[in-house]
>>> print(open('structure-v4.cif').read())   # mmCIF, N, CA and C atoms
data_model
loop_
_atom_site.label_atom_id
_atom_site.label_comp_id
_atom_site.auth_asym_id
_atom_site.auth_seq_id
_atom_site.Cartn_x
_atom_site.Cartn_y
_atom_site.Cartn_z
N MET O 27 154.30 68.44 -112.31
CA MET O 27 153.50 69.18 -111.35
C MET O 27 153.44 70.63 -111.83
N THR O 28 152.26 71.21 -111.83
CA THR O 28 152.10 72.59 -112.25
C THR O 28 152.48 73.51 -111.10
N SER O 29 152.68 74.79 -111.42
CA SER O 29 153.04 75.73 -110.37
C SER O 29 151.90 75.89 -109.36
N ASP O 30 150.63 75.75 -109.81
CA ASP O 30 149.49 75.82 -108.88
C ASP O 30 149.53 74.68 -107.89
N GLU O 31 149.89 73.48 -108.35
CA GLU O 31 149.97 72.33 -107.45
C GLU O 31 151.09 72.53 -106.43
N ALA O 32 152.23 73.08 -106.89
CA ALA O 32 153.36 73.30 -105.98
C ALA O 32 152.98 74.27 -104.88
N ARG O 33 152.17 75.26 -105.16
CA ARG O 33 151.77 76.24 -104.16
C ARG O 33 150.90 75.63 -103.06
N ARG O 34 150.28 74.54 -103.35
CA ARG O 34 149.37 73.94 -102.36
C ARG O 34 150.07 73.00 -101.40
N LEU O 35 151.36 72.78 -101.57
CA LEU O 35 152.07 71.87 -100.68
C LEU O 35 152.17 72.46 -99.28
N THR O 36 151.90 71.63 -98.32
CA THR O 36 152.03 72.04 -96.92
C THR O 36 153.44 71.70 -96.44
N LEU O 37 153.79 72.19 -95.27
CA LEU O 37 155.10 71.90 -94.71
C LEU O 37 155.31 70.39 -94.58
N GLY O 38 154.31 69.69 -94.10
CA GLY O 38 154.42 68.24 -93.95
C GLY O 38 154.65 67.53 -95.28
N GLU O 39 153.94 67.98 -96.30
CA GLU O 39 154.10 67.37 -97.63
C GLU O 39 155.48 67.65 -98.19
N ILE O 40 155.99 68.84 -97.95
CA ILE O 40 157.34 69.18 -98.43
C ILE O 40 158.37 68.31 -97.72
N ILE O 41 158.22 68.15 -96.42
CA ILE O 41 159.15 67.31 -95.66
C ILE O 41 159.11 65.88 -96.20
N ARG O 42 157.90 65.36 -96.41
CA ARG O 42 157.78 63.99 -96.92
C ARG O 42 158.45 63.86 -98.29
N ARG O 43 158.18 64.80 -99.18
CA ARG O 43 158.77 64.73 -100.53
C ARG O 43 160.29 64.83 -100.48
N GLN O 44 160.80 65.71 -99.64
CA GLN O 44 162.26 65.83 -99.53
C GLN O 44 162.87 64.57 -98.93
N ARG O 45 162.17 63.97 -97.97
CA ARG O 45 162.66 62.71 -97.38
C ARG O 45 162.69 61.62 -98.43
N GLU O 46 161.64 61.55 -99.24
CA GLU O 46 161.58 60.54 -100.30
C GLU O 46 162.64 60.79 -101.36
N LEU O 47 162.88 62.05 -101.71
CA LEU O 47 163.94 62.37 -102.68
C LEU O 47 165.31 61.98 -102.15
N ALA O 48 165.50 62.10 -100.84
CA ALA O 48 166.75 61.70 -100.22
C ALA O 48 166.82 60.20 -100.00
N GLU O 49 165.74 59.51 -100.34
CA GLU O 49 165.64 58.05 -100.19
C GLU O 49 165.89 57.62 -98.75
N LEU O 50 165.30 58.38 -97.83
CA LEU O 50 165.39 58.06 -96.41
C LEU O 50 164.07 57.46 -95.94
N PRO O 51 164.09 56.27 -95.39
CA PRO O 51 162.86 55.74 -94.80
C PRO O 51 162.44 56.61 -93.61
N MET O 52 161.16 56.66 -93.35
CA MET O 52 160.64 57.48 -92.26
C MET O 52 161.31 57.13 -90.94
N ARG O 53 161.45 55.86 -90.66
CA ARG O 53 162.07 55.44 -89.39
C ARG O 53 163.49 55.95 -89.27
N GLN O 54 164.23 55.91 -90.36
CA GLN O 54 165.62 56.36 -90.33
C GLN O 54 165.70 57.87 -90.09
N LEU O 55 164.87 58.66 -90.79
CA LEU O 55 164.90 60.10 -90.58
C LEU O 55 164.48 60.43 -89.15
N ALA O 56 163.46 59.76 -88.65
CA ALA O 56 163.02 60.01 -87.27
C ALA O 56 164.15 59.73 -86.29
N ALA O 57 164.88 58.63 -86.49
CA ALA O 57 165.99 58.29 -85.61
C ALA O 57 167.11 59.34 -85.70
N LEU O 58 167.41 59.79 -86.92
CA LEU O 58 168.45 60.80 -87.11
C LEU O 58 168.08 62.13 -86.44
N VAL O 59 166.81 62.45 -86.47
CA VAL O 59 166.32 63.70 -85.91
C VAL O 59 166.17 63.60 -84.39
N GLY O 60 165.98 62.38 -83.89
CA GLY O 60 165.79 62.18 -82.46
C GLY O 60 164.35 62.28 -82.02
N ILE O 61 163.43 61.92 -82.94
CA ILE O 61 162.01 61.93 -82.61
C ILE O 61 161.44 60.54 -82.93
N SER O 62 160.23 60.30 -82.49
CA SER O 62 159.61 59.00 -82.75
C SER O 62 159.07 58.95 -84.18
N ASN O 63 158.98 57.74 -84.68
CA ASN O 63 158.42 57.53 -86.01
C ASN O 63 156.97 58.05 -86.09
N PRO O 64 156.12 57.77 -85.09
CA PRO O 64 154.75 58.30 -85.15
C PRO O 64 154.70 59.83 -85.18
N TYR O 65 155.61 60.49 -84.46
CA TYR O 65 155.63 61.95 -84.44
C TYR O 65 155.99 62.49 -85.83
N LEU O 66 157.00 61.90 -86.48
CA LEU O 66 157.36 62.32 -87.83
C LEU O 66 156.21 62.07 -88.79
N SER O 67 155.54 60.95 -88.63
CA SER O 67 154.38 60.65 -89.47
C SER O 67 153.29 61.71 -89.31
N GLN O 68 153.04 62.13 -88.07
CA GLN O 68 152.04 63.17 -87.82
C GLN O 68 152.46 64.50 -88.44
N ILE O 69 153.75 64.81 -88.41
CA ILE O 69 154.24 66.04 -89.03
C ILE O 69 154.01 65.97 -90.54
N GLU O 70 154.37 64.86 -91.13
CA GLU O 70 154.23 64.72 -92.59
C GLU O 70 152.76 64.75 -93.03
N ARG O 71 151.87 64.31 -92.16
CA ARG O 71 150.43 64.33 -92.50
C ARG O 71 149.75 65.60 -92.01
N ASN O 72 150.54 66.55 -91.54
CA ASN O 72 150.04 67.85 -91.07
C ASN O 72 149.09 67.75 -89.88
N LEU O 73 149.27 66.73 -89.08
CA LEU O 73 148.47 66.59 -87.87
C LEU O 73 149.13 67.31 -86.69
N ARG O 74 150.45 67.50 -86.78
CA ARG O 74 151.19 68.23 -85.75
C ARG O 74 152.19 69.14 -86.44
N GLU O 75 152.42 70.28 -85.83
CA GLU O 75 153.43 71.20 -86.36
C GLU O 75 154.72 70.98 -85.57
N PRO O 76 155.84 70.85 -86.27
CA PRO O 76 157.09 70.60 -85.54
C PRO O 76 157.55 71.83 -84.78
N SER O 77 158.23 71.58 -83.66
CA SER O 77 158.83 72.69 -82.92
C SER O 77 159.98 73.24 -83.76
N ASP O 78 160.48 74.40 -83.38
CA ASP O 78 161.61 74.98 -84.10
C ASP O 78 162.81 74.03 -84.08
N ARG O 79 163.06 73.42 -82.94
CA ARG O 79 164.20 72.50 -82.81
C ARG O 79 164.04 71.31 -83.74
N VAL O 80 162.85 70.73 -83.77
CA VAL O 80 162.60 69.57 -84.63
C VAL O 80 162.68 69.96 -86.10
N LEU O 81 162.13 71.10 -86.45
CA LEU O 81 162.18 71.55 -87.83
C LEU O 81 163.62 71.76 -88.27
N GLU O 82 164.42 72.38 -87.42
CA GLU O 82 165.85 72.59 -87.73
C GLU O 82 166.56 71.24 -87.92
N ALA O 83 166.26 70.28 -87.05
CA ALA O 83 166.91 68.97 -87.15
C ALA O 83 166.48 68.22 -88.42
N ILE O 84 165.21 68.30 -88.76
CA ILE O 84 164.73 67.67 -90.00
C ILE O 84 165.42 68.30 -91.20
N ALA O 85 165.44 69.63 -91.22
CA ALA O 85 166.07 70.34 -92.33
C ALA O 85 167.55 69.97 -92.46
N GLU O 86 168.23 69.90 -91.33
CA GLU O 86 169.65 69.55 -91.35
C GLU O 86 169.86 68.15 -91.94
N GLN O 87 169.04 67.20 -91.54
CA GLN O 87 169.19 65.83 -92.05
C GLN O 87 168.83 65.73 -93.54
N LEU O 88 167.97 66.65 -94.01
CA LEU O 88 167.59 66.66 -95.43
C LEU O 88 168.51 67.58 -96.24
N HIS O 89 169.53 68.15 -95.56
CA HIS O 89 170.51 69.04 -96.19
C HIS O 89 169.84 70.28 -96.79
N LEU O 90 168.90 70.82 -96.00
CA LEU O 90 168.20 72.05 -96.37
C LEU O 90 168.24 72.98 -95.17
N SER O 91 167.76 74.18 -95.36
CA SER O 91 167.60 75.06 -94.20
C SER O 91 166.13 75.04 -93.80
N ALA O 92 165.87 75.27 -92.54
CA ALA O 92 164.49 75.33 -92.06
C ALA O 92 163.75 76.46 -92.75
N ASP O 93 164.46 77.55 -93.04
CA ASP O 93 163.83 78.68 -93.73
C ASP O 93 163.35 78.28 -95.12
N VAL O 94 164.11 77.45 -95.81
CA VAL O 94 163.70 76.99 -97.14
C VAL O 94 162.43 76.16 -97.03
N LEU O 95 162.38 75.27 -96.05
CA LEU O 95 161.19 74.44 -95.88
C LEU O 95 159.95 75.29 -95.58
N THR O 96 160.08 76.22 -94.66
CA THR O 96 158.92 77.03 -94.30
C THR O 96 158.56 78.01 -95.41
N ALA O 97 159.55 78.52 -96.12
CA ALA O 97 159.26 79.43 -97.24
C ALA O 97 158.48 78.72 -98.33
N GLU O 98 158.85 77.49 -98.61
CA GLU O 98 158.12 76.71 -99.63
C GLU O 98 156.67 76.49 -99.19
N ALA O 99 156.47 76.20 -97.92
CA ALA O 99 155.11 75.96 -97.42
C ALA O 99 154.30 77.24 -97.42
N ARG O 100 154.95 78.39 -97.22
CA ARG O 100 154.23 79.66 -97.15
C ARG O 100 153.78 80.18 -98.50
N ARG O 101 154.24 79.57 -99.56
CA ARG O 101 153.83 80.06 -100.88
C ARG O 101 152.33 79.98 -101.04
N ASP O 102 151.66 79.27 -100.14
CA ASP O 102 150.21 79.13 -100.21
C ASP O 102 149.48 80.18 -99.36
N GLU O 103 150.20 81.19 -98.88
CA GLU O 103 149.56 82.22 -98.08
C GLU O 103 148.49 82.93 -98.89
N PRO O 104 147.38 83.27 -98.27
CA PRO O 104 146.34 84.01 -98.99
C PRO O 104 146.89 85.35 -99.49
N GLU O 105 146.41 85.77 -100.64
CA GLU O 105 146.90 87.03 -101.21
C GLU O 105 146.46 88.23 -100.39
N ASP O 106 145.35 88.12 -99.64
CA ASP O 106 144.87 89.26 -98.86
C ASP O 106 145.49 89.31 -97.47
N LEU O 107 146.52 88.52 -97.23
CA LEU O 107 147.21 88.52 -95.94
C LEU O 107 147.89 89.88 -95.76
N PRO O 108 147.67 90.55 -94.62
CA PRO O 108 148.28 91.86 -94.42
C PRO O 108 149.81 91.79 -94.55
N GLU O 109 150.36 92.83 -95.12
CA GLU O 109 151.82 92.88 -95.33
C GLU O 109 152.59 92.74 -94.03
N MET O 110 152.05 93.32 -92.94
CA MET O 110 152.71 93.22 -91.65
C MET O 110 152.83 91.76 -91.21
N VAL O 111 151.78 91.00 -91.40
CA VAL O 111 151.80 89.58 -91.03
C VAL O 111 152.83 88.84 -91.88
N ARG O 112 152.92 89.16 -93.16
CA ARG O 112 153.93 88.54 -94.03
C ARG O 112 155.34 88.81 -93.48
N HIS O 113 155.58 90.05 -93.07
CA HIS O 113 156.90 90.40 -92.53
C HIS O 113 157.18 89.66 -91.23
N ILE O 114 156.18 89.60 -90.37
CA ILE O 114 156.36 88.87 -89.10
C ILE O 114 156.69 87.42 -89.38
N ARG O 115 155.97 86.78 -90.28
CA ARG O 115 156.18 85.36 -90.57
C ARG O 115 157.53 85.08 -91.19
N ARG O 116 158.12 86.06 -91.84
CA ARG O 116 159.39 85.84 -92.53
C ARG O 116 160.61 86.32 -91.75
N ASP O 117 160.40 86.92 -90.59
CA ASP O 117 161.53 87.46 -89.84
C ASP O 117 162.36 86.32 -89.23
N PRO O 118 163.60 86.17 -89.70
CA PRO O 118 164.42 85.05 -89.22
C PRO O 118 164.90 85.22 -87.78
N ASP O 119 164.78 86.43 -87.24
CA ASP O 119 165.27 86.67 -85.89
C ASP O 119 164.22 86.39 -84.81
N LEU O 120 163.04 85.94 -85.22
CA LEU O 120 161.98 85.63 -84.26
C LEU O 120 161.79 84.12 -84.18
N THR O 121 161.45 83.65 -83.00
CA THR O 121 161.10 82.24 -82.86
C THR O 121 159.67 82.04 -83.33
N LYS O 122 159.29 80.81 -83.51
CA LYS O 122 157.92 80.53 -83.94
C LYS O 122 156.92 81.06 -82.92
N ALA O 123 157.21 80.88 -81.64
CA ALA O 123 156.31 81.37 -80.59
C ALA O 123 156.20 82.90 -80.64
N GLN O 124 157.32 83.58 -80.87
CA GLN O 124 157.29 85.03 -80.96
C GLN O 124 156.49 85.49 -82.18
N ARG O 125 156.67 84.78 -83.30
CA ARG O 125 155.91 85.13 -84.51
C ARG O 125 154.41 84.99 -84.25
N LEU O 126 154.01 83.89 -83.62
CA LEU O 126 152.60 83.67 -83.35
C LEU O 126 152.03 84.73 -82.41
N ALA O 127 152.80 85.08 -81.38
CA ALA O 127 152.35 86.09 -80.42
C ALA O 127 152.20 87.45 -81.09
N LEU O 128 153.18 87.83 -81.91
CA LEU O 128 153.10 89.12 -82.60
C LEU O 128 151.94 89.16 -83.59
N GLU O 129 151.76 88.07 -84.31
CA GLU O 129 150.66 88.03 -85.27
C GLU O 129 149.31 88.13 -84.55
N GLU O 130 149.18 87.45 -83.42
CA GLU O 130 147.94 87.51 -82.65
C GLU O 130 147.70 88.92 -82.11
N MET O 131 148.76 89.56 -81.59
CA MET O 131 148.60 90.93 -81.09
C MET O 131 148.21 91.89 -82.21
N TYR O 132 148.86 91.75 -83.35
CA TYR O 132 148.57 92.61 -84.49
C TYR O 132 147.10 92.47 -84.91
N GLU O 133 146.64 91.23 -85.03
CA GLU O 133 145.24 91.00 -85.42
C GLU O 133 144.28 91.53 -84.37
N THR O 134 144.63 91.42 -83.10
CA THR O 134 143.78 91.95 -82.02
C THR O 134 143.69 93.47 -82.11
N PHE O 135 144.83 94.13 -82.32
CA PHE O 135 144.82 95.58 -82.47
C PHE O 135 143.95 96.00 -83.66
N ARG O 136 144.05 95.29 -84.75
CA ARG O 136 143.24 95.61 -85.93
C ARG O 136 141.75 95.43 -85.64
N ASP O 137 141.42 94.34 -84.96
CA ASP O 137 140.01 94.09 -84.62
C ASP O 137 139.45 95.18 -83.72
N VAL O 138 140.23 95.62 -82.73
CA VAL O 138 139.79 96.68 -81.82
C VAL O 138 139.56 97.97 -82.60
N THR O 139 140.49 98.30 -83.48
CA THR O 139 140.35 99.53 -84.27
C THR O 139 139.12 99.47 -85.17
N ARG O 140 138.89 98.35 -85.81
CA ARG O 140 137.70 98.20 -86.66
C ARG O 140 136.42 98.34 -85.84
N ALA O 141 136.40 97.73 -84.65
CA ALA O 141 135.21 97.81 -83.80
C ALA O 141 134.94 99.26 -83.38
N LYS O 142 136.01 100.00 -83.05
CA LYS O 142 135.84 101.41 -82.68
C LYS O 142 135.30 102.21 -83.85
N ARG O 143 135.77 101.93 -85.04
CA ARG O 143 135.28 102.64 -86.23
C ARG O 143 133.79 102.38 -86.44
N ARG O 144 133.39 101.12 -86.24
CA ARG O 144 131.97 100.78 -86.42
C ARG O 144 131.10 101.52 -85.42
N ARG O 145 131.62 101.70 -84.21
CA ARG O 145 130.86 102.40 -83.17
C ARG O 145 130.98 103.91 -83.30
N GLY O 146 131.87 104.37 -84.17
CA GLY O 146 132.05 105.80 -84.34
C GLY O 146 132.95 106.41 -83.30
N THR O 147 133.70 105.59 -82.58
CA THR O 147 134.64 106.08 -81.57
C THR O 147 135.94 106.46 -82.26
N ARG O 148 136.52 107.57 -81.82
CA ARG O 148 137.79 108.01 -82.39
C ARG O 148 138.91 107.09 -81.94
N THR O 149 139.84 106.86 -82.84
CA THR O 149 141.03 106.08 -82.50
C THR O 149 142.22 107.03 -82.47
N GLU O 150 143.20 106.72 -81.65
CA GLU O 150 144.38 107.59 -81.54
C GLU O 150 145.48 107.10 -82.42
#
>>> encode(input="structure-v4.cif", output="structure tokens")
Amino acid sequence: MTSDEARRLTLGEIIRRQRELAELPMRQLAALVGISNPYLSQIERNLREPSDRVLEAIAEQLHLSADVLTAEARRDEPEDLPEMVRHIRRDPDLTKAQRLALEEMYETFRDVTRAKRRRGTRTE
């Protein structure tokens, strides 16, 4: 696999590959994590995003950290992603919900500022 291919892996694909490397059948990992087999399948196919609790449990069963799993998936972030958003996404002291809320607020503030500039309104 080339480095370009590795960058395109999603969180679900990474979880699936790690599960396969650990030689764990999907049903067994789902049972160990305490979730249903269909739910794990949806996570692996990127149809659903796991909660923080589920991600932590999956990572624990695969003998990895949740941060490692999400960091691997984030390698596909666009290069033009604002630095502030990168910092928010990587802050280990925030929950996923907090990260999403902060990112949304940041983008809203930026949009408002850009709109004011277009109208010629001063920003403070």
>>> resolve_selection(input="structure-v4.cif", expression="the PyMOL selection byres (((chain O and resi 55 and name CA) around 12) and name CA)", output="VMD selection string")
chain O and resid 41 to 42 44 to 46 48 to 54 56 to 67 70 80 83 to 89
>>> atom_distance(input="structure-v4.cif", atom1="CA of Lys122 in chain O", atom2="CA of Leu35 in chain O")
19.7 Å
>>> resolve_selection(input="structure-v4.cif", expression="the PyMOL selection byres (((chain O and resi 129-143 and name CA) around 10) and name CA)", output="MDAnalysis selection string")
chainID O and resid 108 110:115 123:128 144:150
>>> atom_distance(input="structure-v4.cif", atom1="CA of Thr36 in chain O", atom2="CA of Leu120 in chain O")
21.1 Å
>>> closest_residue(input="structure-v4.cif", among="O:Asp93, O:Asp106, O:Glu39, O:Asp119", to="Arg71 in chain O", atoms="all atoms listed in the file")
O:Glu39
>>> select_by_dssp(input="structure-v4.cif", residues="chain O", states="helix (DSSP H, G or I)", output="number ranges by chain")
O: 29-33, 37-47, 52-59, 63-70, 78-87, 92-100, 109-116, 122-145
>>> atom_distance(input="structure-v4.cif", atom1="CA of Arg43 in chain O", atom2="atom C of Leu107 in chain O")
27.8 Å
>>> axis_aligned_box(input="structure-v4.cif", around="range 119-130 of chain O", padding_each_side="4 Å", output="lines of an AutoDock Vina configuration file")
center_x = 156.5
center_y = 84.8
center_z = -83.8
size_x = 25.6
size_y = 16.6
size_z = 14.8
>>> closest_residue(input="structure-v4.cif", among="O:Leu90, O:Leu81, O:Leu37, O:Leu95", to="Ile69 in chain O", atoms="all atoms listed in the file")
O:Leu37
